[in-house]
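J.: Following this line is work37.cif, made up of mmCIF, C-alpha atoms:
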data_input
loop_
_atom_site.label_atom_id
_atom_site.label_comp_id
_atom_site.auth_asym_id
_atom_site.auth_seq_id
_atom_site.Cartn_x
_atom_site.Cartn_y
_atom_site.Cartn_z
CA MET A 1 -38.79 -30.04 13.48
CA LEU A 2 -37.61 -27.90 10.59
CA PRO A 3 -38.84 -28.94 7.16
CA VAL A 4 -36.42 -30.60 4.78
CA ILE A 5 -36.65 -28.74 1.48
CA HIS A 6 -35.38 -30.03 -1.85
CA ARG A 7 -35.78 -27.48 -4.61
CA SER A 8 -33.92 -25.45 -7.21
CA SER A 9 -33.84 -21.70 -7.01
CA CYS A 10 -34.99 -19.67 -9.98
CA ARG A 11 -32.67 -16.83 -9.04
CA GLY A 12 -28.93 -16.34 -9.19
CA VAL A 13 -25.93 -14.08 -8.69
CA THR A 14 -22.32 -14.50 -9.77
CA ALA A 15 -19.47 -16.55 -8.30
CA TRP A 16 -16.88 -19.32 -8.48
CA ILE A 17 -16.27 -20.36 -4.91
CA LEU A 18 -18.61 -21.83 -2.38
CA CYS A 19 -18.33 -20.66 1.10
CA VAL A 20 -19.17 -21.98 4.49
CA SER A 21 -19.55 -19.83 7.56
CA LEU A 22 -20.02 -20.62 11.17
CA ALA A 23 -19.83 -16.97 12.18
CA THR A 24 -22.24 -16.92 15.09
CA VAL A 25 -23.32 -13.59 16.48
CA SER A 26 -24.91 -13.50 19.89
CA PHE A 27 -26.79 -10.45 21.04
CA ALA A 28 -26.46 -11.33 24.72
CA GLN A 29 -24.56 -13.78 26.84
CA THR A 30 -26.22 -17.07 26.02
CA PRO A 31 -25.25 -20.75 26.16
CA TYR A 32 -26.79 -21.37 22.74
CA SER A 33 -25.15 -21.31 19.33
CA VAL A 34 -26.27 -22.05 15.78
CA GLU A 35 -24.17 -24.03 13.37
CA VAL A 36 -24.68 -23.76 9.61
CA LYS A 37 -22.45 -25.62 7.19
CA THR A 38 -22.45 -26.98 3.68
CA ASP A 39 -21.91 -30.52 2.52
CA ARG A 40 -18.60 -29.57 0.91
CA GLU A 41 -15.78 -28.39 3.08
CA ASP A 42 -14.55 -25.91 0.49
CA ALA A 43 -18.12 -24.72 -0.23
CA ILE A 44 -17.48 -24.56 -4.00
CA TYR A 45 -20.23 -25.39 -6.50
CA LYS A 46 -21.01 -24.95 -10.14
CA VAL A 47 -24.07 -23.21 -11.48
CA GLY A 48 -26.88 -25.75 -11.65
CA GLU A 49 -25.62 -27.77 -8.69
CA GLN A 50 -27.31 -27.69 -5.31
CA ALA A 51 -25.62 -27.05 -2.02
CA VAL A 52 -26.82 -28.86 1.07
CA PHE A 53 -26.92 -26.58 4.11
CA SER A 54 -27.23 -28.31 7.46
CA ILE A 55 -28.55 -26.42 10.48
CA SER A 56 -28.21 -27.42 14.12
CA VAL A 57 -28.63 -25.68 17.47
CA ARG A 58 -26.19 -26.35 20.29
CA GLN A 59 -25.91 -25.62 23.94
CA GLY A 60 -22.23 -26.08 24.58
CA ASP A 61 -21.37 -29.44 23.01
CA ARG A 62 -24.95 -30.72 23.23
CA ILE A 63 -27.35 -30.57 20.27
CA VAL A 64 -30.63 -28.96 21.35
CA SER A 65 -34.09 -30.18 20.38
CA GLY A 66 -37.28 -28.18 20.95
CA ALA A 67 -37.08 -25.20 23.32
CA GLY A 68 -37.44 -22.45 20.75
CA ILE A 69 -37.81 -21.53 17.09
CA VAL A 70 -35.30 -21.69 14.25
CA LYS A 71 -35.87 -19.48 11.21
CA PHE A 72 -33.85 -19.62 8.01
CA VAL A 73 -33.84 -17.55 4.85
CA PHE A 74 -31.70 -17.70 1.74
CA ASP A 75 -30.61 -14.70 -0.32
CA ASP A 76 -28.06 -13.71 -2.94
CA PHE A 77 -26.83 -10.80 -0.78
CA LEU A 78 -29.53 -8.65 -2.39
CA ASN A 79 -32.77 -10.58 -2.88
CA SER A 80 -34.50 -13.35 -0.94
CA LYS A 81 -37.50 -13.65 -3.27
CA GLY A 82 -37.59 -17.03 -4.98
CA PHE A 83 -35.35 -18.73 -2.43
CA ALA A 84 -36.20 -21.19 0.33
CA ASN A 85 -37.22 -19.93 3.76
CA GLY A 86 -38.97 -21.46 6.74
CA GLU A 87 -39.07 -22.02 10.47
CA GLY A 88 -39.56 -24.76 13.01
CA SER A 89 -38.28 -26.27 16.25
CA PRO A 90 -34.71 -27.58 16.41
CA ASP A 91 -34.22 -31.33 16.30
CA GLU A 92 -31.50 -33.68 17.54
CA ASP A 93 -30.49 -34.32 13.93
CA PRO A 94 -29.28 -31.40 11.78
CA THR A 95 -31.88 -30.13 9.35
CA GLU A 96 -30.80 -30.17 5.71
CA ILE A 97 -31.97 -27.66 3.13
CA ARG A 98 -30.95 -27.80 -0.52
CA GLU A 99 -30.62 -24.64 -2.56
CA GLY A 100 -28.73 -23.48 -5.62
CA LEU A 101 -28.21 -20.75 -8.18
CA ASN A 102 -28.77 -20.78 -11.91
CA GLN A 103 -26.30 -17.92 -12.46
CA PRO A 104 -22.77 -17.36 -11.16
CA GLY A 105 -22.93 -15.87 -7.68
CA PHE A 106 -22.94 -16.34 -3.92
CA LEU A 107 -25.84 -17.73 -1.94
CA ARG A 108 -26.27 -17.06 1.78
CA CYS A 109 -28.19 -19.06 4.35
CA LEU A 110 -29.10 -16.82 7.31
CA VAL A 111 -30.33 -18.61 10.40
CA THR A 112 -31.80 -17.24 13.65
CA TYR A 113 -32.54 -19.30 16.73
CA THR A 114 -34.75 -17.77 19.39
CA PRO A 115 -34.82 -19.82 22.60
CA LYS A 116 -37.89 -19.77 24.82
CA GLU A 117 -35.81 -17.84 27.30
CA GLY A 118 -32.99 -15.59 26.20
CA LYS A 119 -32.14 -13.52 23.16
CA PRO A 120 -31.68 -14.66 19.55
CA VAL A 121 -28.44 -16.10 18.23
CA ARG A 122 -27.59 -16.03 14.56
CA SER A 123 -25.30 -17.67 12.06
CA VAL A 124 -24.67 -17.45 8.36
CA ALA A 125 -23.12 -19.65 5.71
CA SER A 126 -22.42 -18.77 2.11
CA ALA A 127 -21.88 -20.89 -0.97
CA ALA A 128 -20.25 -19.77 -4.20
CA PHE A 129 -21.43 -20.90 -7.61
CA SER A 130 -19.03 -20.55 -10.55
CA PRO A 131 -17.52 -17.31 -9.22
CA GLU A 132 -14.86 -17.31 -11.90
CA LYS A 133 -17.63 -16.46 -14.35
CA ILE A 134 -18.74 -13.24 -12.66
CA GLY A 135 -18.32 -10.50 -15.22
CA LEU A 136 -18.69 -6.74 -15.50
CA SER A 137 -22.07 -5.37 -14.47
CA LEU A 138 -21.75 -2.64 -17.12
CA PRO A 139 -19.17 -2.14 -19.87
CA VAL A 140 -16.20 0.12 -19.25
CA PRO A 141 -17.08 3.63 -20.57
CA ASP A 142 -15.74 4.27 -24.07
CA ASP A 143 -13.83 7.35 -22.91
CA PHE A 144 -12.60 5.86 -19.62
CA ASP A 145 -8.95 5.81 -20.71
CA ASP A 146 -9.13 9.28 -22.24
CA PHE A 147 -10.63 10.71 -19.06
CA TRP A 148 -7.90 9.33 -16.81
CA LYS A 149 -5.15 10.16 -19.30
CA GLU A 150 -6.26 13.77 -19.09
CA GLN A 151 -6.30 13.68 -15.27
CA LYS A 152 -2.75 12.37 -15.22
CA ARG A 153 -1.68 14.99 -17.76
CA GLN A 154 -2.99 17.73 -15.49
CA LEU A 155 -1.28 16.13 -12.50
CA ALA A 156 2.06 15.98 -14.32
CA GLU A 157 1.96 19.77 -14.76
CA ILE A 158 2.09 20.24 -10.97
CA PRO A 159 5.63 20.14 -9.53
CA LEU A 160 6.18 17.34 -7.04
CA ASP A 161 7.65 19.74 -4.45
CA PRO A 162 8.07 17.19 -1.61
CA GLN A 163 8.31 18.49 1.95
CA LEU A 164 10.12 16.05 4.27
CA THR A 165 10.33 16.20 8.04
CA ALA A 166 12.55 13.69 9.82
CA VAL A 167 10.72 11.39 12.25
CA ASP A 168 12.35 9.48 15.07
CA GLN A 169 11.81 5.72 15.28
CA ALA A 170 13.48 2.85 17.07
CA ASP A 171 15.42 1.13 14.27
CA ALA A 172 18.72 2.95 13.79
CA SER A 173 19.24 1.29 10.40
CA ILE A 174 16.16 3.01 8.97
CA GLU A 175 15.49 6.66 8.26
CA CYS A 176 11.90 7.87 8.27
CA HIS A 177 10.21 11.09 7.20
CA ASP A 178 6.77 12.65 7.33
CA VAL A 179 6.17 13.67 3.69
CA GLN A 180 3.74 15.92 1.87
CA THR A 181 3.78 16.40 -1.90
CA SER A 182 1.69 18.63 -4.13
CA CYS A 183 -1.20 17.02 -5.97
CA LEU A 184 -4.25 17.70 -8.09
CA GLY A 185 -7.68 17.54 -6.51
CA GLY A 186 -7.57 19.82 -3.49
CA ALA A 187 -5.34 17.92 -1.06
CA PRO A 188 -1.66 16.92 -1.03
CA VAL A 189 -0.25 13.45 -0.66
CA SER A 190 0.48 12.97 3.05
CA GLY A 191 2.35 10.00 4.41
CA TYR A 192 5.34 8.46 6.11
CA PHE A 193 8.31 7.46 3.98
CA ALA A 194 11.04 5.13 5.21
CA LYS A 195 14.12 3.56 3.66
CA PRO A 196 17.28 1.75 4.74
CA LYS A 197 20.11 4.12 5.52
CA ASP A 198 23.05 4.14 3.11
CA ALA A 199 21.15 2.30 0.35
CA THR A 200 22.90 2.55 -3.00
CA ALA A 201 21.42 4.03 -6.17
CA LYS A 202 18.92 1.90 -8.10
CA SER A 203 18.98 -0.87 -5.48
CA LEU A 204 15.53 -0.83 -3.85
CA PRO A 205 12.03 -1.86 -4.93
CA ALA A 206 9.16 0.37 -3.80
CA ILE A 207 6.02 -0.41 -1.83
CA LEU A 208 3.04 1.88 -1.24
CA TRP A 209 0.56 1.18 1.56
CA VAL A 210 -2.97 2.63 1.14
CA HIS A 211 -5.72 2.92 3.72
CA GLY A 212 -9.15 1.49 4.40
CA ALA A 213 -12.21 3.64 5.01
CA GLY A 214 -12.28 6.22 7.76
CA VAL A 215 -10.31 9.27 8.77
CA ARG A 216 -6.88 8.73 10.30
CA GLY A 217 -3.26 9.70 9.82
CA SER A 218 -0.69 7.60 8.01
CA SER A 219 0.93 4.53 9.57
CA ARG A 220 4.60 4.94 10.44
CA GLY A 221 4.69 1.24 11.32
CA ASN A 222 3.83 0.18 7.78
CA ALA A 223 6.44 2.51 6.31
CA VAL A 224 9.12 1.12 8.63
CA LYS A 225 8.05 -2.48 8.00
CA GLY A 226 8.66 -2.11 4.28
CA ALA A 227 12.00 -0.39 4.85
CA GLN A 228 13.12 -3.17 7.19
CA ALA A 229 12.45 -5.54 4.30
CA ASP A 230 14.91 -3.52 2.21
CA MET A 231 12.40 -1.46 0.23
CA LEU A 232 11.50 2.15 -0.35
CA SER A 233 8.32 2.19 1.72
CA MET A 234 5.56 4.78 1.93
CA ASP A 235 2.24 4.72 3.77
CA ILE A 236 -0.24 7.44 2.79
CA ASN A 237 -3.53 8.34 4.39
CA ALA A 238 -6.59 8.48 2.18
CA HIS A 239 -7.32 12.18 2.56
CA GLY A 240 -4.07 14.13 2.36
CA ILE A 241 -4.41 15.22 5.98
CA ALA A 242 -1.73 15.83 8.60
CA ASN A 243 -0.11 12.85 10.32
CA GLY A 244 0.66 12.21 13.97
CA LYS A 245 -2.11 14.39 15.39
CA PRO A 246 -4.18 13.65 18.53
CA ALA A 247 -7.19 11.37 18.13
CA SER A 248 -9.51 14.35 18.54
CA PHE A 249 -8.07 15.93 15.39
CA TYR A 250 -9.21 12.99 13.28
CA SER A 251 -12.54 12.51 15.05
CA ASP A 252 -13.35 16.18 14.48
CA LEU A 253 -12.57 15.80 10.77
CA SER A 254 -14.66 12.64 10.60
CA ALA A 255 -17.61 14.40 12.19
CA GLY A 256 -17.08 17.56 10.18
CA ARG A 257 -15.46 18.23 6.80
CA LEU A 258 -14.87 14.58 5.97
CA LYS A 259 -18.18 13.22 7.21
CA ASN A 260 -19.62 11.00 4.48
CA TYR A 261 -16.66 11.93 2.25
CA ARG A 262 -17.36 8.90 0.08
CA TYR A 263 -20.53 10.50 -1.28
CA ALA A 264 -19.08 13.96 -1.88
CA GLY A 265 -19.48 15.12 -5.48
CA ARG A 266 -20.67 11.68 -6.57
CA ASP A 267 -22.98 12.98 -9.31
CA ASN A 268 -20.06 14.06 -11.52
CA ARG A 269 -16.85 12.28 -12.48
CA ASN A 270 -14.91 15.55 -12.12
CA THR A 271 -16.09 16.27 -8.58
CA THR A 272 -16.34 12.82 -7.02
CA TYR A 273 -14.15 12.51 -3.92
CA PHE A 274 -12.44 9.39 -5.24
CA ARG A 275 -10.95 11.29 -8.18
CA GLY A 276 -8.60 13.13 -5.81
CA MET A 277 -7.92 9.99 -3.78
CA PHE A 278 -6.88 8.08 -6.90
CA LEU A 279 -4.65 10.87 -8.17
CA ARG A 280 -2.87 10.94 -4.81
CA ILE A 281 -1.91 7.31 -5.46
CA VAL A 282 -0.26 8.27 -8.76
CA ARG A 283 1.51 11.19 -7.12
CA ALA A 284 2.79 8.98 -4.29
CA ILE A 285 4.22 6.63 -6.93
CA ASP A 286 5.78 9.68 -8.60
CA PHE A 287 7.55 10.41 -5.33
CA LEU A 288 8.73 6.84 -4.77
CA THR A 289 10.04 6.39 -8.31
CA ALA A 290 11.84 9.74 -8.14
CA GLN A 291 14.08 8.44 -5.35
CA PRO A 292 17.61 7.69 -6.56
CA GLU A 293 17.53 4.34 -4.72
CA TRP A 294 14.52 3.01 -6.70
CA ASP A 295 15.53 -0.04 -8.73
CA GLY A 296 13.53 1.08 -11.77
CA LYS A 297 11.64 -2.23 -11.79
CA HIS A 298 9.29 -2.90 -8.88
CA VAL A 299 6.34 -0.95 -7.50
CA VAL A 300 3.90 -2.73 -5.16
CA VAL A 301 0.62 -1.28 -3.88
CA ILE A 302 -1.04 -2.99 -0.93
CA GLY A 303 -4.19 -2.34 1.10
CA HIS A 304 -7.41 -3.73 2.52
CA SER A 305 -11.04 -2.70 2.07
CA GLN A 306 -10.97 0.86 0.66
CA GLY A 307 -7.21 0.31 0.43
CA GLY A 308 -7.85 -2.87 -1.53
CA GLY A 309 -9.94 -0.91 -3.99
CA GLN A 310 -7.19 1.69 -4.25
CA SER A 311 -4.62 -0.99 -5.03
CA LEU A 312 -6.80 -2.23 -7.90
CA VAL A 313 -7.06 1.33 -9.16
CA ALA A 314 -3.29 1.74 -8.93
CA GLY A 315 -2.71 -1.35 -11.03
CA GLY A 316 -5.01 -0.11 -13.77
CA LEU A 317 -4.10 3.57 -13.65
CA ASP A 318 -0.31 3.46 -13.42
CA GLU A 319 1.80 1.20 -15.62
CA ARG A 320 4.72 1.45 -13.19
CA VAL A 321 2.84 -0.80 -10.75
CA THR A 322 4.12 -4.37 -10.99
CA MET A 323 2.17 -5.99 -8.14
CA ILE A 324 -1.01 -5.29 -6.20
CA ALA A 325 -2.32 -6.90 -3.01
CA PRO A 326 -6.00 -6.02 -2.53
CA GLY A 327 -7.64 -7.47 0.57
CA VAL A 328 -11.47 -7.69 0.57
CA PRO A 329 -11.47 -4.75 -1.86
CA ALA A 330 -14.04 -1.98 -1.68
CA ILE A 331 -14.96 0.55 -4.42
CA CYS A 332 -15.95 -2.39 -6.63
CA ASP A 333 -18.99 -2.95 -8.82
CA HIS A 334 -20.74 0.37 -8.22
CA SER A 335 -23.08 -0.60 -11.05
CA GLY A 336 -23.90 -4.01 -9.59
CA ARG A 337 -27.59 -3.24 -9.12
CA ALA A 338 -27.86 -2.42 -12.82
CA ALA A 339 -27.08 -6.12 -13.36
CA GLY A 340 -29.37 -7.31 -10.56
CA ARG A 341 -26.67 -7.98 -7.98
CA ILE A 342 -25.38 -6.26 -4.86
CA ASN A 343 -22.85 -3.47 -5.27
CA GLY A 344 -19.82 -3.09 -3.04
CA TRP A 345 -18.88 -0.46 -0.47
CA PRO A 346 -19.65 2.42 -0.34
CA LYS A 347 -22.94 1.57 -2.06
CA LEU A 348 -22.24 4.73 -4.00
CA VAL A 349 -25.22 4.65 -6.35
CA PRO A 350 -28.65 5.05 -4.72
CA ASN A 351 -31.88 3.84 -6.22
CA GLY A 352 -34.33 6.43 -7.52
CA PRO A 353 -38.10 6.56 -6.90
CA ASP A 354 -38.56 3.98 -9.67
CA GLY A 355 -36.35 1.49 -7.82
CA LYS A 356 -33.62 1.77 -10.44
CA PRO A 357 -30.09 3.15 -9.92
CA ASP A 358 -29.89 6.93 -10.11
CA PRO A 359 -28.77 7.44 -13.75
CA GLN A 360 -26.56 10.50 -13.20
CA ILE A 361 -24.69 9.07 -10.22
CA LEU A 362 -24.45 5.68 -11.93
CA GLU A 363 -22.79 7.25 -14.96
CA ALA A 364 -20.25 9.15 -12.84
CA ALA A 365 -19.53 6.06 -10.72
CA ARG A 366 -18.39 4.07 -13.75
CA TYR A 367 -15.24 6.23 -13.94
CA ILE A 368 -14.20 5.41 -10.36
CA ASP A 369 -15.14 1.73 -10.25
CA ALA A 370 -12.16 -0.40 -9.24
CA VAL A 371 -13.52 -3.20 -11.45
CA ASN A 372 -13.03 -1.04 -14.52
CA PHE A 373 -9.47 -0.23 -13.47
CA ALA A 374 -8.89 -3.97 -12.96
CA THR A 375 -9.60 -4.52 -16.67
CA ARG A 376 -6.52 -2.39 -17.40
CA CYS A 377 -4.28 -3.99 -14.78
CA ARG A 378 -1.42 -6.19 -15.98
CA ALA A 379 0.36 -6.31 -12.64
CA ASN A 380 0.70 -9.50 -10.60
CA ALA A 381 -1.98 -9.76 -7.92
CA ILE A 382 -3.01 -11.55 -4.76
CA MET A 383 -6.51 -10.92 -3.38
CA SER A 384 -8.49 -12.04 -0.35
CA VAL A 385 -12.27 -12.57 -0.40
CA GLY A 386 -14.59 -13.18 2.54
CA PHE A 387 -17.60 -15.20 1.54
CA ILE A 388 -19.89 -13.80 4.22
CA ASP A 389 -18.66 -10.24 3.75
CA SER A 390 -21.68 -7.95 3.56
CA VAL A 391 -19.56 -4.76 3.35
CA CYS A 392 -17.57 -5.75 0.27
CA PRO A 393 -19.69 -8.66 -0.98
CA PRO A 394 -17.75 -11.51 -2.57
CA SER A 395 -19.44 -11.05 -5.95
CA SER A 396 -18.08 -7.48 -6.16
CA CYS A 397 -14.58 -8.70 -5.29
CA TYR A 398 -14.75 -11.46 -7.87
CA ALA A 399 -15.96 -9.07 -10.56
CA ALA A 400 -12.62 -7.29 -10.08
CA TYR A 401 -10.53 -10.43 -9.67
CA ASN A 402 -11.84 -11.98 -12.87
CA ALA A 403 -11.00 -8.82 -14.82
CA LEU A 404 -7.31 -8.86 -13.81
CA ALA A 405 -5.02 -9.85 -16.67
CA GLY A 406 -1.74 -10.48 -14.84
CA THR A 407 -0.56 -13.49 -12.86
CA LYS A 408 -3.00 -13.71 -9.95
CA SER A 409 -4.14 -15.78 -7.00
CA VAL A 410 -6.97 -15.52 -4.50
CA ILE A 411 -7.26 -16.41 -0.83
CA ASN A 412 -10.83 -17.57 -0.36
CA GLU A 413 -12.10 -17.40 3.21
CA PRO A 414 -15.44 -19.22 3.59
CA LEU A 415 -15.74 -18.30 7.27
CA MET A 416 -14.71 -14.65 6.97
CA GLY A 417 -16.74 -11.48 6.84
CA HIS A 418 -15.16 -8.08 6.29
CA ALA A 419 -11.78 -8.57 7.90
CA ALA A 420 -8.02 -8.59 7.41
CA PRO A 421 -6.70 -11.17 9.88
CA ALA A 422 -3.03 -11.70 10.62
CA HIS A 423 -2.60 -14.75 8.40
CA ILE A 424 -3.75 -12.77 5.35
CA HIS A 425 -1.38 -9.91 6.14
CA GLU A 426 1.41 -12.48 6.42
CA ALA A 427 0.47 -14.20 3.16
CA PHE A 428 0.31 -10.89 1.31
CA PHE A 429 3.67 -9.68 2.57
CA ALA A 430 5.33 -13.02 1.84
CA ARG A 431 4.10 -12.72 -1.74
CA VAL A 432 5.39 -9.16 -1.93
CA LEU A 433 8.84 -10.25 -0.77
CA GLN A 434 8.82 -13.04 -3.33
CA HIS A 435 7.84 -10.59 -6.07
CA VAL A 436 10.64 -8.13 -5.28
CA GLY A 437 13.23 -10.83 -4.59
CA ARG A 438 13.76 -10.08 -0.92
CA ALA A 439 14.45 -12.35 2.06
CA PRO A 440 11.81 -12.48 4.83
CA ALA A 441 11.44 -9.17 6.62
CA LYS A 442 12.98 -8.53 10.00
CA SER A 443 10.61 -8.13 12.92
CA ALA A 444 9.22 -4.61 13.25
CA LYS A 445 10.83 -2.62 16.05
#
Output the structure of this file as C-alpha cells.
T.:
Amino acid sequence: MLPVIHRSSCRGVTAWILCVSLATVSFAQTPYSVEVKTDREDAIYKVGEQAVFSISVRQGDRIVSGAGIVKFVFDDFLNSKGFANGEGSPDEDPTEIREGLNQPGFLRCLVTYTPKEGKPVRSVASAAFSPEKIGLSLPVPDDFDDFWKEQKRQLAEIPLDPQLTAVDQADASIECHDVQTSCLGGAPVSGYFAKPKDATAKSLPAILWVHGAGVRGSSRGNAVKGAQADMLSMDINAHGIANGKPASFYSDLSAGRLKNYRYAGRDNRNTTYFRGMFLRIVRAIDFLTAQPEWDGKHVVVIGHSQGGGQSLVAGGLDERVTMIAPGVPAICDHSGRAAGRINGWPKLVPNGPDGKPDPQILEAARYIDAVNFATRCRANAIMSVGFIDSVCPPSSCYAAYNALAGTKSVINEPLMGHAAPAHIHEAFFARVLQHVGRAPAKSAK
C-alpha cells in the first residue's frame, strides 16, 4: 500500500490555476493504466492551500491491488527537492497525497506504475496555485523600447518591394498569391496572401498567421481560411524561406543551415535569430496594412507555440495590432531560472559551471522575451495554457498572460500538454471573428 502523506511543501513556483491531468503514456501495449486526479475538478488552488492528489492503478475498468510498484514524485516543473515522493504497492482504494506551494506556481505529480510483468505506465497531474500572481522573472531592460524603436527605424528605411506570384486554389471567390517582401535581418518575409476578389477599398480587417517551431513553408490553407471569412489574410513561415517546395527541401534546411536555429547568435541581442523573426512580423504587417482594402482598424496575429510567442511579440512591438491569439506560447520567460522557476521553450539560456544562468546569454535574451513584449501589449488577447505542458510550461505562459494590459481571456486546459487541439483553434477563430465583426467563416475548400 502506498503511504498517505499529509504535509506542506517548503517550495513554490508561480500560478493561478490548478490543473488535473490523466495523460497516461504507455511504453508498450499493456492493459494497465494509472489515474491521477485532484480533489477539485478545476484543479485551482490558492497559495497556502493543499491539493489532494489521488492515485489508482487500473486494468481496464478494474482497480488493481498488489502486482507491482507505484512510484510518485512531486515537482514544480524544475525542482523536486522538498516535495513529497514515495513508492508502494497499489491498493483497491486510491491513495491520497496532499501537497501544496507557498508561492504562486504549478505543482506536478508524476506517477509510474511498474507491473510485475510488462513495461511501466505513467501519468501526470498538475495543480495551479494563484497563477494570476506570477510576475516577471527579471525587470524589462531600461533600454528595451529604445532598442526595438531603432530596429523598426532601420526596417522602415528598406522599401517593401513585394513580389507576388498568383497561386491556384479551389475557391473561385478568393485570390491567393505567394508573396515575398524585403526585410531587415538577412531573410525576406515569405508567405501566402489571400483576399476576397472584388473587395472594396478600406473594407477588410487583416489577419496574420505565424508558425510554430520547425522548418516548413507557409500554409496556403490558413491564408485562404482568413480570406473566406472576409479578411485580408497572410500566413508567413518563420524563416523567410521559399514556399511550396518538396518535403526534402525543408528537411535539408532543418538538418543543415537552420539546424538549431533557435540558438543562433543568442549571446548578443543584435545577432540572435529571433531578432530577424520578429522584424519579419512587423514587415508582414506593413504589407497587410499597405493594401487598399485594409479597413484601417483591425490587425490580428494568431499562432501556437513559437507562433504563440510571436503573436505576443507582435502585440507589444507593433501598435497596429488590435488582437492577438497566442496558443501555448513559446519564447516566454527566458530568465525564469534567474527567479528559481522553469523557463519556456527554447530553453534559450544555459546554466554555466556555477549552476547559474549564463550572464551574457541571459542579458541578450531579455530583449527577445515574449513576456517583456507582453508588458507593452494593449491589444485584446485570448490565450491557451496546458497545465502539464513541459515544452512551454504553464508558469511561463502565465508570466506573459498576467503582463497583458488589454481585454484578455485564457483557456485553461488541465489535461493538456503541448498541443493545439481543434476546439482551441475553433475558439480562437470565433473570437477573432467577433473582434473584427464578421459572421462565422465558410468552410475551407
J.: List, as number ranges by chain, every residue that the PyMOL selection byres ((chain A and resi 275-277) around 9) selects in the file provided.
T.: A: 151, 183-187, 189, 238-240, 269-274, 278-281, 310, 367-368
J.: Any idea what's packed within 6 Å of Phe72 in chain A, counting only C-alpha atoms, ignoring anything in its chain fewer than 2 positions away? Could you give it as number ranges by chain?
T.: A: 85-86, 110-111
J.: Spell out the residues picked by the PyMOL selection byres ((chain A and resi 379-391) around 7) here, as number ranges by chain.
T.: A: 19, 21, 125-126, 315, 321-328, 344-345, 377-378, 392-394, 397, 406-418, 428
J.: Please dump the current selection as a compact mmCIF listing (two decimals), in the frame of the given file; keep C-alpha atoms.
T.:
# COMPACT_ATOMS: atom_id res chain seq x y z
CA CYS A 19 -18.33 -20.66 1.10
CA SER A 21 -19.55 -19.83 7.56
CA ALA A 125 -23.12 -19.65 5.71
CA SER A 126 -22.42 -18.77 2.11
CA GLY A 315 -2.71 -1.35 -11.03
CA VAL A 321 2.84 -0.80 -10.75
CA THR A 322 4.12 -4.37 -10.99
CA MET A 323 2.17 -5.99 -8.14
CA ILE A 324 -1.01 -5.29 -6.20
CA ALA A 325 -2.32 -6.90 -3.01
CA PRO A 326 -6.00 -6.02 -2.53
CA GLY A 327 -7.64 -7.47 0.57
CA VAL A 328 -11.47 -7.69 0.57
CA GLY A 344 -19.82 -3.09 -3.04
CA TRP A 345 -18.88 -0.46 -0.47
CA CYS A 377 -4.28 -3.99 -14.78
CA ARG A 378 -1.42 -6.19 -15.98
CA CYS A 392 -17.57 -5.75 0.27
CA PRO A 393 -19.69 -8.66 -0.98
CA PRO A 394 -17.75 -11.51 -2.57
CA CYS A 397 -14.58 -8.70 -5.29
CA GLY A 406 -1.74 -10.48 -14.84
CA THR A 407 -0.56 -13.49 -12.86
CA LYS A 408 -3.00 -13.71 -9.95
CA SER A 409 -4.14 -15.78 -7.00
CA VAL A 410 -6.97 -15.52 -4.50
CA ILE A 411 -7.26 -16.41 -0.83
CA ASN A 412 -10.83 -17.57 -0.36
CA GLU A 413 -12.10 -17.40 3.21
CA PRO A 414 -15.44 -19.22 3.59
CA LEU A 415 -15.74 -18.30 7.27
CA MET A 416 -14.71 -14.65 6.97
CA GLY A 417 -16.74 -11.48 6.84
CA HIS A 418 -15.16 -8.08 6.29
CA PHE A 428 0.31 -10.89 1.31
J.: Any idea what's packed within 10 Å of Arg220 in chain A, counting only C-alpha atoms, ignoring anything in its chain fewer than 3 positions away? Could you give it as JSON, numbers by chain?
T.: {"A": [167, 169, 176, 177, 178, 191, 192, 193, 194, 217, 223, 224, 225, 233, 234, 235, 236, 243, 244]}
J.: Can you pull out every residue within 8 Å of His211 in chain A, counting all atoms listed in the file, but drop anything in the same chain fewer than 5 positions away, and send it as an NGL selection string?
T.: :A and (236-238 or 303-307)
J.: Can range 259-268 of chain A be brought up to N, CA and C atoms and written out as a PDB file, in the frame of the given file?
T.:
ATOM      1  N   LYS A 259     -17.037  14.082   6.954  1.00  0.00           N
ATOM      2  CA  LYS A 259     -18.180  13.220   7.210  1.00  0.00           C
ATOM      3  C   LYS A 259     -18.816  12.811   5.887  1.00  0.00           C
ATOM      4  N   ASN A 260     -19.033  11.528   5.720  1.00  0.00           N
ATOM      5  CA  ASN A 260     -19.620  11.000   4.480  1.00  0.00           C
ATOM      6  C   ASN A 260     -18.833  11.429   3.240  1.00  0.00           C
ATOM      7  N   TYR A 261     -17.502  11.520   3.381  1.00  0.00           N
ATOM      8  CA  TYR A 261     -16.660  11.930   2.250  1.00  0.00           C
ATOM      9  C   TYR A 261     -16.902  11.089   1.015  1.00  0.00           C
ATOM     10  N   ARG A 262     -17.227   9.823   1.216  1.00  0.00           N
ATOM     11  CA  ARG A 262     -17.360   8.900   0.080  1.00  0.00           C
ATOM     12  C   ARG A 262     -18.464   9.307  -0.883  1.00  0.00           C
ATOM     13  N   TYR A 263     -19.437  10.077  -0.408  1.00  0.00           N
ATOM     14  CA  TYR A 263     -20.530  10.500  -1.280  1.00  0.00           C
ATOM     15  C   TYR A 263     -20.329  11.894  -1.852  1.00  0.00           C
ATOM     16  N   ALA A 264     -19.289  12.574  -1.450  1.00  0.00           N
ATOM     17  CA  ALA A 264     -19.080  13.960  -1.880  1.00  0.00           C
ATOM     18  C   ALA A 264     -18.871  14.035  -3.390  1.00  0.00           C
ATOM     19  N   GLY A 265     -19.636  14.881  -4.048  1.00  0.00           N
ATOM     20  CA  GLY A 265     -19.480  15.120  -5.480  1.00  0.00           C
ATOM     21  C   GLY A 265     -19.778  13.924  -6.354  1.00  0.00           C
ATOM     22  N   ARG A 266     -20.535  12.959  -5.859  1.00  0.00           N
ATOM     23  CA  ARG A 266     -20.670  11.680  -6.570  1.00  0.00           C
ATOM     24  C   ARG A 266     -21.501  11.758  -7.855  1.00  0.00           C
ATOM     25  N   ASP A 267     -22.152  12.886  -8.117  1.00  0.00           N
ATOM     26  CA  ASP A 267     -22.980  12.980  -9.310  1.00  0.00           C
ATOM     27  C   ASP A 267     -22.211  13.430 -10.544  1.00  0.00           C
ATOM     28  N   ASN A 268     -20.873  13.604 -10.406  1.00  0.00           N
ATOM     29  CA  ASN A 268     -20.060  14.060 -11.520  1.00  0.00           C
ATOM     30  C   ASN A 268     -18.675  13.450 -11.423  1.00  0.00           C
TER      31      ASN A 268
END
